>>> print(open('data-v8.txt').read())   # compact mmCIF, C-alpha atoms and all ligand atoms
# COMPACT_ATOMS: atom_id res chain seq x y z
CA MET X 1409 33.22 16.55 31.47
CA LEU X 1410 34.81 16.92 34.91
CA MET X 1411 36.74 13.69 34.31
CA ASN X 1412 38.06 15.09 31.03
CA ILE X 1413 39.32 18.29 32.67
CA ALA X 1414 40.96 16.24 35.44
CA LEU X 1415 42.59 14.01 32.81
CA ILE X 1416 43.95 16.96 30.81
CA ALA X 1417 45.27 18.58 34.05
CA LEU X 1418 46.95 15.27 34.97
CA ILE X 1419 48.67 15.02 31.56
CA VAL X 1420 49.89 18.64 31.72
CA LEU X 1421 51.22 18.17 35.27
CA THR X 1422 52.96 14.91 34.30
CA VAL X 1423 54.75 16.59 31.38
CA LEU X 1424 55.81 19.55 33.57
CA THR X 1425 57.07 17.19 36.31
CA ALA X 1426 59.05 15.11 33.79
CA ALA X 1427 60.67 18.28 32.39
CA ARG X 1428 61.67 19.46 35.90
CA LEU X 1429 63.05 16.00 36.73
CA LEU X 1430 65.23 16.01 33.60
CA ASN X 1431 66.62 19.43 34.61
CA VAL X 1432 67.51 18.08 38.06
CA ILE X 1433 69.26 15.01 36.61
CA GLN X 1434 71.27 17.17 34.23
CA ALA X 1435 72.21 19.57 37.01
CA ALA X 1436 73.41 16.62 39.12
CA ALA X 1437 75.53 15.33 36.22
CA THR X 1438 77.06 18.79 35.69
CA LEU X 1439 77.95 18.89 39.39
CA ARG X 1440 79.72 15.52 39.05
CA GLY X 1441 81.80 17.13 36.27
CA GLN X 1442 80.09 15.16 33.50
CA LYS X 1443 79.07 16.89 30.26
CA ALA X 1444 75.35 17.01 29.56
CA HIS X 1445 74.12 14.05 27.40
CA GLU X 1446 77.47 12.29 27.70
CA VAL X 1447 77.12 8.48 27.80
CA SER X 1448 79.61 6.78 30.07
CA GLU X 1449 81.17 3.35 29.48
CA SER X 1450 79.03 1.77 32.22
CA ASP X 1451 75.82 3.35 30.84
CA ASN X 1452 76.62 1.76 27.51
CA GLN X 1453 77.30 -1.70 28.97
CA LEU X 1454 74.11 -1.55 31.02
CA ASN X 1455 71.96 -0.60 28.01
CA ALA X 1456 73.50 -3.34 25.87
CA PHE X 1457 72.76 -5.90 28.59
CA ILE X 1458 69.13 -4.69 28.96
CA TRP X 1459 68.79 -5.01 25.18
CA LEU X 1460 69.82 -8.70 25.41
CA LEU X 1461 67.36 -9.22 28.26
CA TYR X 1462 64.71 -7.69 26.03
CA LEU X 1463 65.42 -10.32 23.34
CA VAL X 1464 64.96 -13.11 25.89
CA GLY X 1465 61.71 -11.53 27.12
CA LEU X 1466 60.43 -10.98 23.58
CA LEU X 1467 61.03 -14.56 22.46
CA GLY X 1468 59.69 -15.94 25.75
CA MET X 1469 56.52 -13.87 25.38
CA PHE X 1470 56.19 -14.96 21.74
CA VAL X 1471 56.35 -18.66 22.65
CA TYR X 1472 54.02 -18.19 25.63
CA LEU X 1473 51.35 -16.29 23.65
CA THR X 1474 51.51 -18.70 20.70
CA VAL X 1475 51.05 -21.74 22.95
CA LYS X 1476 48.30 -20.02 24.96
CA TYR X 1477 46.24 -18.57 22.12
CA TYR X 1478 46.94 -20.50 18.91
CA ASN X 1479 44.33 -23.15 19.63
CA ASP X 1480 40.60 -23.92 19.37
CA GLN X 1481 39.76 -20.56 20.91
CA PHE X 1482 41.67 -18.68 18.23
CA VAL X 1483 40.38 -20.78 15.35
CA PRO X 1484 37.32 -22.91 16.19
CA GLN X 1485 37.11 -26.42 14.71
CA ALA X 1486 36.40 -26.31 10.98
CA ALA X 1487 32.89 -27.55 10.10
CA SER X 1488 33.05 -27.23 6.31
CA ALA X 1489 34.69 -29.21 3.53
CA HIS X 1490 37.14 -26.48 2.54
CA GLY X 1491 37.77 -25.51 6.20
CA GLU X 1492 40.77 -27.80 6.60
CA GLU X 1493 42.38 -26.38 3.46
CA VAL X 1494 41.98 -22.85 4.83
CA ASP X 1495 43.39 -23.95 8.19
CA SER X 1496 46.45 -25.59 6.66
CA LEU X 1497 47.04 -22.39 4.69
CA LEU X 1498 46.72 -20.34 7.87
CA ASN X 1499 49.11 -22.66 9.73
CA LEU X 1500 51.66 -22.53 6.91
CA ASN X 1501 51.49 -18.72 6.96
CA PHE X 1502 52.03 -18.67 10.71
CA ILE X 1503 55.03 -21.01 10.46
CA VAL X 1504 56.67 -18.87 7.76
CA ILE X 1505 55.95 -15.64 9.64
CA SER X 1506 57.25 -17.10 12.91
CA ILE X 1507 60.52 -18.26 11.32
CA ALA X 1508 61.05 -14.86 9.68
CA PHE X 1509 60.16 -13.08 12.92
CA VAL X 1510 62.59 -15.08 15.09
CA ILE X 1511 65.48 -14.84 12.59
CA THR X 1512 65.15 -11.09 12.04
CA GLN X 1513 64.65 -10.20 15.71
CA VAL X 1514 67.58 -12.34 16.89
CA LEU X 1515 69.86 -10.88 14.21
CA LEU X 1516 68.75 -7.32 14.91
CA ILE X 1517 69.28 -7.50 18.67
CA TRP X 1518 72.32 -9.78 18.65
CA PHE X 1519 74.18 -7.55 16.21
CA SER X 1520 73.42 -4.35 18.09
CA TRP X 1521 74.67 -6.05 21.27
CA LYS X 1522 77.77 -7.57 19.69
CA TYR X 1523 78.80 -4.32 17.98
CA ARG X 1524 77.90 -1.96 20.85
CA TYR X 1525 80.15 1.07 21.14
CA ASN X 1526 83.78 0.27 21.81
CA LYS X 1527 86.49 2.94 21.75
CA THR X 1528 89.15 0.61 20.29
CA ARG X 1529 87.07 -1.01 17.55
CA ARG X 1530 87.24 0.31 13.98
CA ALA X 1531 84.29 -0.06 11.58
CA THR X 1532 84.82 -2.11 8.39
CA HIS X 1533 83.81 -0.60 5.09
CA TYR X 1534 81.64 -3.29 3.48
CA ALA X 1535 79.72 -1.89 0.52
CA HIS X 1536 78.27 -4.72 -1.49
CA ASN X 1537 77.92 -8.49 -1.81
CA ASN X 1538 76.10 -9.95 -4.78
CA ASN X 1539 75.58 -13.37 -3.20
CA LEU X 1540 73.99 -11.88 -0.11
CA GLU X 1541 71.70 -9.72 -2.25
CA LEU X 1542 70.71 -12.76 -4.27
CA ILE X 1543 69.90 -14.84 -1.19
CA TRP X 1544 67.73 -12.27 0.56
CA THR X 1545 65.86 -11.49 -2.63
CA LEU X 1546 65.34 -15.03 -3.91
CA VAL X 1547 64.43 -16.77 -0.65
CA PRO X 1548 61.53 -14.42 0.26
CA ALA X 1549 60.41 -14.35 -3.41
CA VAL X 1550 60.17 -18.15 -3.59
CA VAL X 1551 58.44 -18.38 -0.20
CA MET X 1552 55.95 -15.65 -1.20
CA ALA X 1553 55.26 -17.36 -4.54
CA VAL X 1554 54.51 -20.66 -2.78
CA LEU X 1555 52.16 -18.92 -0.31
CA VAL X 1556 50.34 -17.01 -3.05
CA LEU X 1557 49.98 -20.12 -5.25
CA LYS X 1558 48.63 -22.23 -2.40
CA GLY X 1559 46.22 -19.39 -1.55
CA LEU X 1560 45.04 -19.18 -5.16
CA ILE X 1561 44.31 -22.91 -5.20
CA VAL X 1562 42.16 -22.63 -2.05
CA TRP X 1563 40.50 -19.49 -3.43
CA SER X 1564 39.53 -21.25 -6.65
CA HIS X 1565 37.91 -24.05 -4.59
CA ILE X 1566 35.86 -21.46 -2.71
CA THR X 1567 34.74 -19.52 -5.77
CA ASP X 1568 34.26 -22.38 -8.27
CA ASP X 1569 30.63 -23.43 -8.51
CA ASP X 1570 29.82 -26.89 -7.24
CA GLU X 1571 27.61 -29.03 -9.44
CA GLY X 1572 24.13 -29.08 -7.90
CA ALA X 1573 24.85 -26.61 -5.11
CA ILE X 1574 21.88 -25.18 -3.24
CA ASN X 1575 21.44 -21.51 -4.14
CA LEU X 1576 21.09 -19.41 -1.03
CA GLU X 1577 21.14 -15.65 -0.72
CA LEU X 1578 22.34 -13.63 2.27
CA TYR X 1579 20.91 -10.15 2.35
CA ALA X 1580 22.47 -7.62 4.71
CA ARG X 1581 21.13 -4.28 5.80
CA GLN X 1582 21.44 -2.02 8.84
CA PHE X 1583 21.02 -3.96 11.11
CA ASP X 1584 19.85 -7.47 10.31
CA TRP X 1585 20.28 -10.46 8.00
CA SER X 1586 17.78 -12.16 5.75
CA ALA X 1587 18.44 -15.54 4.14
CA ARG X 1588 16.62 -16.34 0.90
CA TYR X 1589 16.24 -19.96 -0.18
CA SER X 1590 15.77 -20.54 -3.89
CA GLY X 1591 12.98 -23.10 -3.45
CA ALA X 1592 12.14 -26.12 -5.62
CA ASP X 1593 13.55 -24.59 -8.84
CA ASN X 1594 16.87 -23.82 -7.10
CA ALA X 1595 16.90 -20.41 -8.83
CA LEU X 1596 16.88 -17.10 -6.99
CA GLY X 1597 14.32 -14.68 -8.42
CA LYS X 1598 15.44 -11.25 -9.58
CA ALA X 1599 15.50 -8.21 -7.34
CA ASN X 1600 15.86 -4.45 -7.75
CA TYR X 1601 16.39 -1.71 -5.18
CA THR X 1602 13.44 0.32 -6.53
CA MET X 1603 11.19 -2.53 -5.37
CA ILE X 1604 12.13 -2.23 -1.69
CA ASN X 1605 9.31 -1.47 0.73
CA ASN X 1606 8.42 -2.46 4.31
CA ASP X 1607 6.92 -5.78 3.20
CA ASN X 1608 9.51 -6.52 0.52
CA ILE X 1609 12.80 -5.60 2.14
CA LEU X 1610 14.84 -7.60 -0.39
CA GLY X 1611 13.18 -5.77 -3.31
CA LEU X 1612 12.14 -9.01 -5.03
CA LEU X 1613 10.50 -8.84 -8.44
CA SER X 1614 7.33 -10.84 -9.00
CA PRO X 1615 4.15 -9.89 -10.89
CA GLU X 1616 2.40 -9.43 -7.53
CA SER X 1617 5.17 -7.45 -5.84
CA ILE X 1618 5.45 -5.18 -8.92
CA MET X 1619 1.73 -4.45 -8.70
CA GLU X 1620 1.95 -3.83 -4.96
CA GLN X 1621 4.93 -1.48 -5.22
CA MET X 1622 3.35 0.39 -8.14
CA THR X 1623 0.17 0.96 -6.10
CA LEU X 1624 2.15 2.14 -3.06
CA LEU X 1625 4.30 4.51 -5.12
CA ARG X 1626 1.35 5.99 -7.03
CA ARG X 1627 -0.35 6.73 -3.72
CA ASP X 1628 2.89 8.18 -2.36
CA SER X 1629 3.38 10.37 -5.43
CA THR X 1630 -0.21 11.69 -5.22
CA VAL X 1631 0.24 12.60 -1.55
CA THR X 1632 3.63 14.23 -2.17
CA ASP X 1633 2.37 16.06 -5.25
CA SER X 1634 -0.62 17.53 -3.41
CA SER X 1635 1.55 18.59 -0.47
CA ILE X 1636 3.79 20.46 -2.95
CA VAL X 1637 0.85 22.13 -4.68
CA ASN X 1638 -1.48 22.77 -1.73
CA GLY X 1639 0.74 22.38 1.31
CA PHE X 1640 1.89 26.03 1.82
CA LEU X 1641 5.27 24.55 2.71
CA PRO X 1642 8.25 26.68 3.77
CA GLU X 1643 10.93 27.01 1.07
CA GLU X 1644 13.30 24.42 2.56
CA LYS X 1645 10.60 21.79 3.07
CA LEU X 1646 9.28 22.43 -0.43
CA GLY X 1647 12.68 21.63 -1.94
CA LYS X 1648 12.87 18.36 -0.03
CA GLU X 1649 9.38 17.34 -1.14
CA LYS X 1650 10.23 18.09 -4.78
CA THR X 1651 13.35 15.92 -4.56
CA ARG X 1652 11.23 13.20 -3.00
CA LEU X 1653 8.69 13.40 -5.81
CA ARG X 1654 11.43 13.20 -8.45
CA ARG X 1655 12.75 10.07 -6.73
CA ILE X 1656 9.31 8.46 -6.65
CA ILE X 1657 8.76 9.21 -10.34
CA HIS X 1658 12.13 7.64 -11.19
CA GLN X 1659 11.09 4.56 -9.20
CA ILE X 1660 7.70 4.37 -10.94
CA ARG X 1661 9.37 4.60 -14.37
CA THR X 1662 11.83 1.82 -13.54
CA ILE X 1663 9.09 -0.43 -12.22
CA ALA X 1664 6.87 0.35 -15.20
CA GLY X 1665 9.74 -1.08 -17.25
CA PHE X 1666 9.61 -4.33 -15.26
CA ARG X 1667 5.83 -4.47 -15.67
CA TYR X 1668 6.22 -3.98 -19.41
CA GLU X 1669 8.72 -6.87 -19.54
CA TYR X 1670 6.21 -9.02 -17.70
CA GLU X 1671 3.23 -8.04 -19.82
CA THR X 1672 5.06 -8.56 -23.11
CA GLY X 1673 6.28 -11.95 -21.90
CA ALA X 1674 9.94 -10.91 -22.08
CA GLU X 1675 10.36 -11.84 -18.41
CA SER X 1676 8.13 -14.06 -16.28
CA PHE X 1677 9.69 -13.34 -12.85
CA ALA X 1678 8.45 -16.85 -12.11
CA SER X 1679 11.49 -18.05 -10.18
CA THR X 1680 10.73 -15.58 -7.38
CA TYR X 1681 7.46 -17.30 -6.47
CA ASP X 1682 8.92 -20.26 -4.55
CA ASP X 1683 11.76 -18.30 -2.89
CA VAL X 1684 11.62 -18.51 0.88
CA ILE X 1685 12.83 -15.69 3.12
CA VAL X 1686 14.06 -16.56 6.60
CA ARG X 1687 14.95 -13.96 9.20
CA ASP X 1688 15.36 -15.87 12.47
CA THR X 1689 17.44 -19.05 12.02
CA ILE X 1690 19.26 -20.35 8.94
CA TYR X 1691 18.88 -24.10 8.39
CA LEU X 1692 21.45 -25.90 6.26
CA PRO X 1693 21.63 -29.55 5.16
CA VAL X 1694 24.82 -31.40 6.07
CA ASN X 1695 27.14 -32.62 3.25
CA ARG X 1696 25.36 -30.69 0.49
CA PRO X 1697 27.29 -27.94 -1.31
CA ILE X 1698 25.86 -24.46 -0.85
CA LYS X 1699 26.41 -21.46 -3.06
CA LEU X 1700 25.98 -18.23 -1.14
CA THR X 1701 25.11 -15.11 -3.08
CA MET X 1702 25.45 -11.96 -0.98
CA ARG X 1703 23.86 -8.54 -1.34
CA SER X 1704 23.61 -5.44 0.83
CA GLN X 1705 20.91 -2.81 0.98
CA ASP X 1706 22.86 0.12 2.39
CA VAL X 1707 26.52 -0.04 3.40
CA ILE X 1708 29.29 -2.62 3.21
CA HIS X 1709 28.63 -5.50 5.57
CA SER X 1710 30.64 -8.66 5.94
CA ALA X 1711 29.16 -12.15 6.20
CA TYR X 1712 31.25 -14.13 8.66
CA MET X 1713 30.61 -17.76 9.65
CA PRO X 1714 33.77 -18.68 11.54
CA HIS X 1715 33.09 -22.45 11.86
CA PHE X 1716 32.54 -22.80 8.12
CA ARG X 1717 35.53 -20.58 7.28
CA VAL X 1718 33.14 -18.37 5.31
CA HIS X 1719 33.99 -14.69 5.14
CA MET X 1720 32.89 -12.33 2.38
CA TYR X 1721 31.93 -8.69 2.00
CA CYS X 1722 28.31 -7.82 1.18
CA VAL X 1723 28.57 -4.80 -1.09
CA PRO X 1724 25.65 -2.52 -2.07
CA GLY X 1725 25.06 -2.49 -5.82
CA THR X 1726 26.78 -5.79 -6.57
CA GLU X 1727 26.73 -9.48 -5.71
CA THR X 1728 29.46 -11.52 -4.05
CA TYR X 1729 29.73 -15.31 -3.85
CA PHE X 1730 31.05 -18.04 -1.61
CA ASN X 1731 30.78 -21.82 -1.90
CA PHE X 1732 30.96 -24.17 1.03
CA THR X 1733 29.72 -27.53 2.28
CA PRO X 1734 28.86 -28.00 5.96
CA ILE X 1735 30.19 -31.38 7.13
CA ILE X 1736 29.28 -31.44 10.84
CA THR X 1737 25.69 -31.12 12.07
CA SER X 1738 24.87 -28.83 14.99
CA GLU X 1739 24.06 -31.88 17.17
CA GLU X 1740 27.42 -33.52 16.36
CA MET X 1741 29.23 -30.28 17.16
CA LYS X 1742 27.39 -29.98 20.49
CA GLU X 1743 28.69 -33.45 21.38
CA LYS X 1744 32.22 -32.79 20.12
CA LEU X 1745 32.47 -29.62 22.21
CA SER X 1746 30.36 -31.10 25.05
CA ASP X 1747 28.43 -27.86 24.97
CA PRO X 1748 24.64 -28.38 24.79
CA ASP X 1749 24.13 -24.67 24.03
CA PHE X 1750 26.49 -24.57 21.04
CA GLU X 1751 25.16 -22.80 17.97
CA TYR X 1752 26.80 -22.01 14.61
CA ARG X 1753 26.41 -18.33 13.87
CA LEU X 1754 26.46 -15.81 11.07
CA TYR X 1755 27.97 -12.48 12.12
CA CYS X 1756 28.50 -9.13 10.47
CA ASN X 1757 32.27 -8.62 10.62
CA ASN X 1758 32.45 -5.07 9.31
CA ILE X 1759 31.54 -2.20 11.62
CA CYS X 1760 28.50 -0.90 9.77
CA GLY X 1761 26.79 1.43 12.26
CA ALA X 1762 25.28 1.86 15.70
CA THR X 1763 23.88 -1.63 16.33
CA HIS X 1764 26.35 -3.55 14.17
CA PHE X 1765 27.04 -5.80 17.17
CA ASN X 1766 23.47 -7.05 16.95
CA MET X 1767 23.75 -8.33 13.36
CA MET X 1768 23.78 -12.03 14.03
CA LEU X 1769 21.76 -15.09 12.98
CA PRO X 1770 22.01 -18.61 14.40
CA ILE X 1771 22.69 -21.37 11.85
CA ARG X 1772 21.50 -24.94 12.37
CA VAL X 1773 23.05 -27.73 10.31
CA ILE X 1774 20.69 -30.70 10.12
CA ASP X 1775 20.59 -33.90 8.07
CA GLY X 1776 19.23 -33.81 4.53
CA GLU X 1777 15.81 -35.33 5.24
CA ALA X 1778 15.09 -33.02 8.16
CA TYR X 1779 16.15 -30.11 5.94
CA ASP X 1780 13.77 -31.14 3.15
CA THR X 1781 10.90 -31.40 5.65
CA TRP X 1782 11.77 -28.00 7.11
CA ALA X 1783 12.01 -26.38 3.67
CA ALA X 1784 8.70 -27.86 2.54
CA GLY X 1785 6.92 -26.33 5.52
CA LYS X 1786 7.98 -22.74 4.81
CA LYS X 1787 5.68 -20.16 3.25
CA THR X 1788 7.06 -18.90 -0.07
CA PHE X 1789 7.51 -15.28 -1.09
CA GLY X 1790 4.76 -15.75 -3.70
CA GLN X 1791 2.29 -17.09 -1.13
CA GLU X 1792 3.11 -14.31 1.33
CA THR X 1793 2.68 -11.55 -1.27
CA THR X 1794 -0.56 -12.99 -2.64
CA GLU X 1795 -2.02 -13.34 0.83
CA ARG X 1796 -1.01 -9.80 1.75
CA LEU X 1797 -2.49 -8.34 -1.42
CA ALA X 1798 -5.69 -10.33 -0.91
CA ALA X 1799 -5.96 -8.96 2.62
CA LYS X 1800 -5.58 -5.41 1.23
CA GLY X 1801 -8.16 -6.17 -1.47
CA TRP X 1802 -5.61 -5.36 -4.22
CA ILE X 1803 -5.27 -8.75 -5.85
CA THR X 1804 -8.55 -8.48 -7.79
CA ARG X 1805 -7.49 -5.13 -9.23
CA PHE X 1806 -4.30 -6.74 -10.48
CA ALA X 1807 -6.26 -9.59 -12.06
CA ASN X 1808 -8.45 -7.01 -13.82
CA ASN X 1809 -5.40 -5.11 -15.07
CA ASN X 1810 -4.26 -8.16 -16.99
CU CU F 1 26.65 -5.03 9.20
>>> encode(input="data-v8.txt", output="structure tokens", more="lines below")
Ligand SMILES: [Cu+2]
Amino acid sequence: MLMNIALIALIVLTVLTAARLLNVIQAAATLRGQKAHEVSESDNQLNAFIWLLYLVGLLGMFVYLTVKYYNDQFVPQAASAHGEEVDSLLNLNFIVISIAFVITQVLLIWFSWKYRYNKTRRATHYAHNNNLELIWTLVPAVVMAVLVLKGLIVWSHITDDDEGAINLELYARQFDWSARYSGADNALGKANYTMINNDNILGLLSPESIMEQMTLLRRDSTVTDSSIVNGFLPEEKLGKEKTRLRRIIHQIRTIAGFRYEYETGAESFASTYDDVIVRDTIYLPVNRPIKLTMRSQDVIHSAYMPHFRVHMYCVPGTETYFNFTPIITSEEMKEKLSDPDFEYRLYCNNICGATHFNMMLPIRVIDGEAYDTWAAGKKTFGQETTERLAAKGWITRFANNN
């Protein structure tokens, strides 16, 4: 608070001082017999010269910064099959932008220096030149078309499904990631937001999870209903509880629909059973194509794996996709970088709330056999749910329901 007041006082004083200083300079000029705001010949020459100096400084800085930062630090080594394509696209863009930047800046500054004010020089009236118009329309148009076409080709590689790709889901929420492996059937089971609870954060649909969520919601609705009827709640609280009850009833109706589909055999929800959810480290097999499907629970997040050149929004209410193939294992990368602590990482690259910075998962790329062994050792969603329901003593009730 005190710092803020001091800062505001400093700004006010600086402005006042600058205004006084300007008055003094003008008064001095008036004393010398100069009109206020008049620019003398030497002022003009000096400014033109400084402008040229600025061009030299600008280009020097541009070269220096490009050499210093356009390297492995700026773009880490690509570790995926399409990574080199993306990099060549990025490099091409930088080359085109750099050429355009240098040409326009040199022309801009050189011209304003060359044609600086001169009492004896007359301006030429030069209204129109068709050839010039044609050149500066066609050249950028062709360059843009080439860039867009090359980009489209790379984009189609990223979004086209690879034959036999491993289906993997990334699920984002404030503030962590879950990865869901599709298991032996390579199919991701269905999910619905009404199914989300503390033990089923991805809202996966399976006969067991439907039964569990139904039981939880029925209990919740009974408690909420009795607090509305018998709770002697103040008006405001009562309104909130009623809204809550309406929401729960909507959820129960939706889930009853899923249960009906299951009971009539319209939907088996079988592919969910062998899905595996991982929340600490993502393991990927080297040289096998992977199809990422991305979802978000709450706000827009962004899945970012810089080494694999993977970057895609995770949008609530819809699914997004990205295909890639890791080509360098974590161990190989550690050797290449001579960094024993190196780790591939998945980041959230869209500021999504208070602990956005914490949304990160390590990724380990291992060879195919090691991956198969790892995957075989994981507990599936079906096993986890069944065990949990058994521990609660609910599983027998479900069996009786059928
Ligand atoms: Cu996020």
>>> residues_around(input="data-v8.txt", residues="stretch 1656-1664 of chain X", least_positions_apart="5", cutoff="7 Å", atoms="only C-alpha atoms", output="NGL selection string")
:X and (1602 or 1618 or 1622 or 1625 or 1629)
>>> closest_atom_pairs(input="data-v8.txt", of="chain X", to="ligand CU 1 (chain F)", cutoff="12 Å", atoms="only C-alpha atoms and all ligand atoms", output="JSON lines")
{"residue": "X:Leu1578", "atom": "CA", "partner": "F:CU1", "partner_atom": "CU", "distance": 11.9}
{"residue": "X:Tyr1579", "atom": "CA", "partner": "F:CU1", "partner_atom": "CU", "distance": 10.3}
{"residue": "X:Ala1580", "atom": "CA", "partner": "F:CU1", "partner_atom": "CU", "distance": 6.7}
{"residue": "X:Arg1581", "atom": "CA", "partner": "F:CU1", "partner_atom": "CU", "distance": 6.5}
{"residue": "X:Gln1582", "atom": "CA", "partner": "F:CU1", "partner_atom": "CU", "distance": 6.0}
{"residue": "X:Phe1583", "atom": "CA", "partner": "F:CU1", "partner_atom": "CU", "distance": 6.0}
{"residue": "X:Asp1584", "atom": "CA", "partner": "F:CU1", "partner_atom": "CU", "distance": 7.3}
{"residue": "X:Trp1585", "atom": "CA", "partner": "F:CU1", "partner_atom": "CU", "distance": 8.5}
{"residue": "X:Ser1586", "atom": "CA", "partner": "F:CU1", "partner_atom": "CU", "distance": 11.9}
{"residue": "X:Arg1703", "atom": "CA", "partner": "F:CU1", "partner_atom": "CU", "distance": 11.5}
{"residue": "X:Ser1704", "atom": "CA", "partner": "F:CU1", "partner_atom": "CU", "distance": 8.9}
{"residue": "X:Gln1705", "atom": "CA", "partner": "F:CU1", "partner_atom": "CU", "distance": 10.3}
{"residue": "X:Asp1706", "atom": "CA", "partner": "F:CU1", "partner_atom": "CU", "distance": 9.3}
{"residue": "X:Val1707", "atom": "CA", "partner": "F:CU1", "partner_atom": "CU", "distance": 7.7}
{"residue": "X:Ile1708", "atom": "CA", "partner": "F:CU1", "partner_atom": "CU", "distance": 7.0}
{"residue": "X:His1709", "atom": "CA", "partner": "F:CU1", "partner_atom": "CU", "distance": 4.2}
{"residue": "X:Ser1710", "atom": "CA", "partner": "F:CU1", "partner_atom": "CU", "distance": 6.3}
{"residue": "X:Ala1711", "atom": "CA", "partner": "F:CU1", "partner_atom": "CU", "distance": 8.1}
{"residue": "X:Tyr1712", "atom": "CA", "partner": "F:CU1", "partner_atom": "CU", "distance": 10.2}
{"residue": "X:Met1720", "atom": "CA", "partner": "F:CU1", "partner_atom": "CU", "distance": 11.8}
{"residue": "X:Tyr1721", "atom": "CA", "partner": "F:CU1", "partner_atom": "CU", "distance": 9.6}
{"residue": "X:Cys1722", "atom": "CA", "partner": "F:CU1", "partner_atom": "CU", "distance": 8.7}
{"residue": "X:Val1723", "atom": "CA", "partner": "F:CU1", "partner_atom": "CU", "distance": 10.5}
{"residue": "X:Pro1724", "atom": "CA", "partner": "F:CU1", "partner_atom": "CU", "distance": 11.6}
{"residue": "X:Leu1754", "atom": "CA", "partner": "F:CU1", "partner_atom": "CU", "distance": 10.9}
{"residue": "X:Tyr1755", "atom": "CA", "partner": "F:CU1", "partner_atom": "CU", "distance": 8.1}
{"residue": "X:Cys1756", "atom": "CA", "partner": "F:CU1", "partner_atom": "CU", "distance": 4.7}
{"residue": "X:Asn1757", "atom": "CA", "partner": "F:CU1", "partner_atom": "CU", "distance": 6.8}
{"residue": "X:Asn1758", "atom": "CA", "partner": "F:CU1", "partner_atom": "CU", "distance": 5.8}
{"residue": "X:Ile1759", "atom": "CA", "partner": "F:CU1", "partner_atom": "CU", "distance": 6.1}
{"residue": "X:Cys1760", "atom": "CA", "partner": "F:CU1", "partner_atom": "CU", "distance": 4.6}
{"residue": "X:Gly1761", "atom": "CA", "partner": "F:CU1", "partner_atom": "CU", "distance": 7.1}
{"residue": "X:Ala1762", "atom": "CA", "partner": "F:CU1", "partner_atom": "CU", "distance": 9.6}
{"residue": "X:Thr1763", "atom": "CA", "partner": "F:CU1", "partner_atom": "CU", "distance": 8.4}
{"residue": "X:His1764", "atom": "CA", "partner": "F:CU1", "partner_atom": "CU", "distance": 5.2}
{"residue": "X:Phe1765", "atom": "CA", "partner": "F:CU1", "partner_atom": "CU", "distance": 8.0}
{"residue": "X:Asn1766", "atom": "CA", "partner": "F:CU1", "partner_atom": "CU", "distance": 8.6}
{"residue": "X:Met1767", "atom": "CA", "partner": "F:CU1", "partner_atom": "CU", "distance": 6.1}
{"residue": "X:Met1768", "atom": "CA", "partner": "F:CU1", "partner_atom": "CU", "distance": 9.0}
{"residue": "X:Leu1769", "atom": "CA", "partner": "F:CU1", "partner_atom": "CU", "distance": 11.8}
>>> closest_residue(input="data-v8.txt", among="X:Arg1753, X:Val1510, X:Phe1457, X:Val1483", to="X:Phe1470", atoms="all atoms listed in the file")
X:Val1510
>>> atom_distance(input="data-v8.txt", atom1="atom CA of X:Leu1454", atom2="atom CA of X:Asn1431")
22.6 Å
>>> atom_distance(input="data-v8.txt", atom1="atom CA of X:Gly1491", atom2="atom CA of X:Thr1474")
21.1 Å
>>> residues_around(input="data-v8.txt", residues="X:Ser1679", least_positions_apart="6", cutoff="12 Å", atoms="all atoms listed in the file", output="PyMOL selection string")
chain X and resi 1589-1599+1612-1615+1788-1790
>>> atom_distance(input="data-v8.txt", atom1="atom CA of X:Ile1735", atom2="atom CA of X:Leu1557")
25.9 Å
>>> axis_aligned_box(input="data-v8.txt", around="stretch 1682-1690 of chain X", padding_each_side="6 Å", output="JSON")
{"center_x": 14.1, "center_y": -17.2, "center_z": 4.0, "size_x": 22.3, "size_y": 18.4, "size_z": 29.0}
>>> residues_near_point(input="data-v8.txt", point="(31.8, -26.1, 3.9)", cutoff="7 Å", atoms="all atoms listed in the file", output="count of residues only")
10
>>> closest_residue(input="data-v8.txt", among="X:Met1603, X:Val1694, X:Ile1566, X:Met1409", to="X:Glu1620", atoms="all atoms listed in the file")
X:Met1603
>>> closest_residue(input="data-v8.txt", among="X:Pro1693, X:Gly1572, X:Pro1748, X:Pro1714", to="X:Ala1778", atoms="only C-alpha atoms")
X:Pro1693
>>> closest_residue(input="data-v8.txt", among="X:Ala1508, X:Ile1416, X:Ile1561, X:Ile1604", to="X:Trp1544", atoms="all atoms listed in the file")
X:Ala1508
>>> closest_residue(input="data-v8.txt", among="X:Thr1680, X:Thr1567, X:Gln1485, X:Thr1672", to="X:Thr1701", atoms="all atoms listed in the file")
X:Thr1567
>>> closest_residue(input="data-v8.txt", among="X:Ile1413, X:Leu1560, X:Pro1548, X:Tyr1601", to="X:Ile1505", atoms="all atoms listed in the file")
X:Pro1548
